[in-house]
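J.: Before I ask anything, let me first share the structure, which is written out below as structure tokens.
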Amino acid sequence: MAVAGQGFEPASGDGPPAPPGERREAELRTAYEGLLQIRRVVGGPAGAEVPAPWEVRQLPRAVALVLEAAGIAPSALDAQGRRTRNGYRVAAGAESGRAEVTWLGPPGGGAAGEEQERLTACAAVLERHGWVCLLYRGPRGRRFLEVEPPGGPGGRPVGPG
């Protein structure tokens, strides 16, 4: 995985729309296959089912990569910072070691009406990749996913220590 601005950057939903085309698709496929390969190397036979340490350290980025690779649309912003389409937004969570996934869109775009179904779909994809997801309703009634590694923030092992 490259550093921001120095290679592939998954869509977080907080930037301009990703440039469409075969090049973006190829870069996304390569990044996603790299994620799975790192999991296999680090985690052994069951590794593809458990987030690797680098994913835990870069949790919002890893979550965005998995969602984009699954074909779920990210939200996007125009040059003035206004939302231009409905989609996921991934950001660091309120607590360290967690990410937050919201479903946002332009005013009047219907994102609030889609959020439960869309966030449930996001959770299903992330859980298949070993993440723990909890769906919450925020103070304004909007739903969001809290995503963390198995064992909680920091990826502590699950089970007796």
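In the structure tokens, the first chain shown is A, the next is B, and so on; residue numbers restart at 1 for each chain, and ligands run from 1 in the order shown.
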List as JSON, numbers by chain the protein and nucleic acid residues near Ala79 of chain A, meaning an atom at most 10 Å away when only C-alpha atoms are counted, but skip any in the same chain fewer than 3 places from it.

T.: {"A": [15, 16, 82, 83]}

J.: Tell me, as a list in words, which residues lie within 9 Å of segment 93-95 of chain A, counting only C-alpha atoms; anything in the same chain fewer than 5 positions away does not count.

T.: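 Using only C-alpha atoms, the neighbours found are Pro60, Glu100, Val101, Glu146, Val147 and Pro153 of chain A.
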
J.: Please, which residues in segment 36-58 of chain A fall within 12 Å of segment 85-92 of chain A when counting only C-alpha atoms, and what is the closest atom pair and distance in Å to one decimal for each, ordered by chain then residue number, as a Markdown table?

T.:
| residue | atom | partner | partner_atom | distance |
| --- | --- | --- | --- | --- |
| A:Val56 | CA | A:Ala92 | CA | 11.5 |
| A:Arg57 | CA | A:Ala92 | CA | 11.0 |
| A:Gln58 | CA | A:Ala92 | CA | 9.3 |

J.: Rounded to one decimal, what separation in Å do you get between atom CA of Ala62 of chain A and atom CA of Gly151 of chain A?

T.: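 About the pair atom CA of Ala62 of chain A and atom CA of Gly151 of chain A: they are 17.1 Å apart.
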
J.: Just how far from atom CA of Leu67 of chain A is atom CA of Ala18 of chain A, in Å to one decimal?

T.: 13.8 Å

J.: Excluding Gly81 of chain A and its own-chain neighbours fewer than 3 positions away, which residues fall within 10 Å of it when counting only C-alpha atoms? Please give them as a list in words.

T.: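 Non-adjacent residues within range: Asp14, Gly15, Pro16, Ala76, Leu77, Asp78 and Thr84 of chain A.
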
J.: What is the distance, in Å and to one decimal place, between atom CA of Pro51 of chain A and atom CA of Trp131 of chain A?

T.: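 Value for the atom CA of Pro51 of chain A-atom CA of Trp131 of chain A distance: 7.1 Å.
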
J.: Check the DSSP output for the backbone and give back, as a list in words, the residues of segment 6-101 of chain A in strand (DSSP E or B).

T.: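 Output for segment 6-101 of chain A, strand (DSSP E or B) only: Pro74, Ala76, Leu77, Arg83, Thr84, Arg85, Gly87, Tyr88, Arg89, Val90, Ala91, Ala92, Ala99, Glu100 and Val101 of chain A.
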
J.: Show me, as an mmCIF file with C-alpha atoms, in the first residue's frame, the residues that have an atom within 10 Å of Arg29 of chain A when counting only C-alpha atoms, minus same-chain residues fewer than 6 positions from it.

T.:
data_model
loop_
_atom_site.group_PDB
_atom_site.id
_atom_site.type_symbol
_atom_site.label_atom_id
_atom_site.label_comp_id
_atom_site.auth_asym_id
_atom_site.auth_seq_id
_atom_site.Cartn_x
_atom_site.Cartn_y
_atom_site.Cartn_z
ATOM 1 C CA ARG A 23 -6.525 2.185 -15.006
ATOM 2 C CA LEU A 35 -4.286 -6.797 0.830
ATOM 3 C CA LEU A 65 -10.206 -0.327 0.103
ATOM 4 C CA GLU A 68 -14.435 0.122 -2.990
ATOM 5 C CA ALA A 69 -13.172 -3.290 -4.133
#

J.: Out of chain A, which residues get alpha helix (DSSP H) from DSSP, as a ChimeraX atom specification?

T.: /A:22-43,53-57,59-69,111-128

J.: Give the answer as one residue: which of A:Pro19, A:Gly138, A:Gly34, A:Gly152 has the shortest atom-to-atom distance to Ala99 of chain A, using only C-alpha atoms?

T.: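 Distance minimum relative to Ala99 of chain A lands on A:Gly152.
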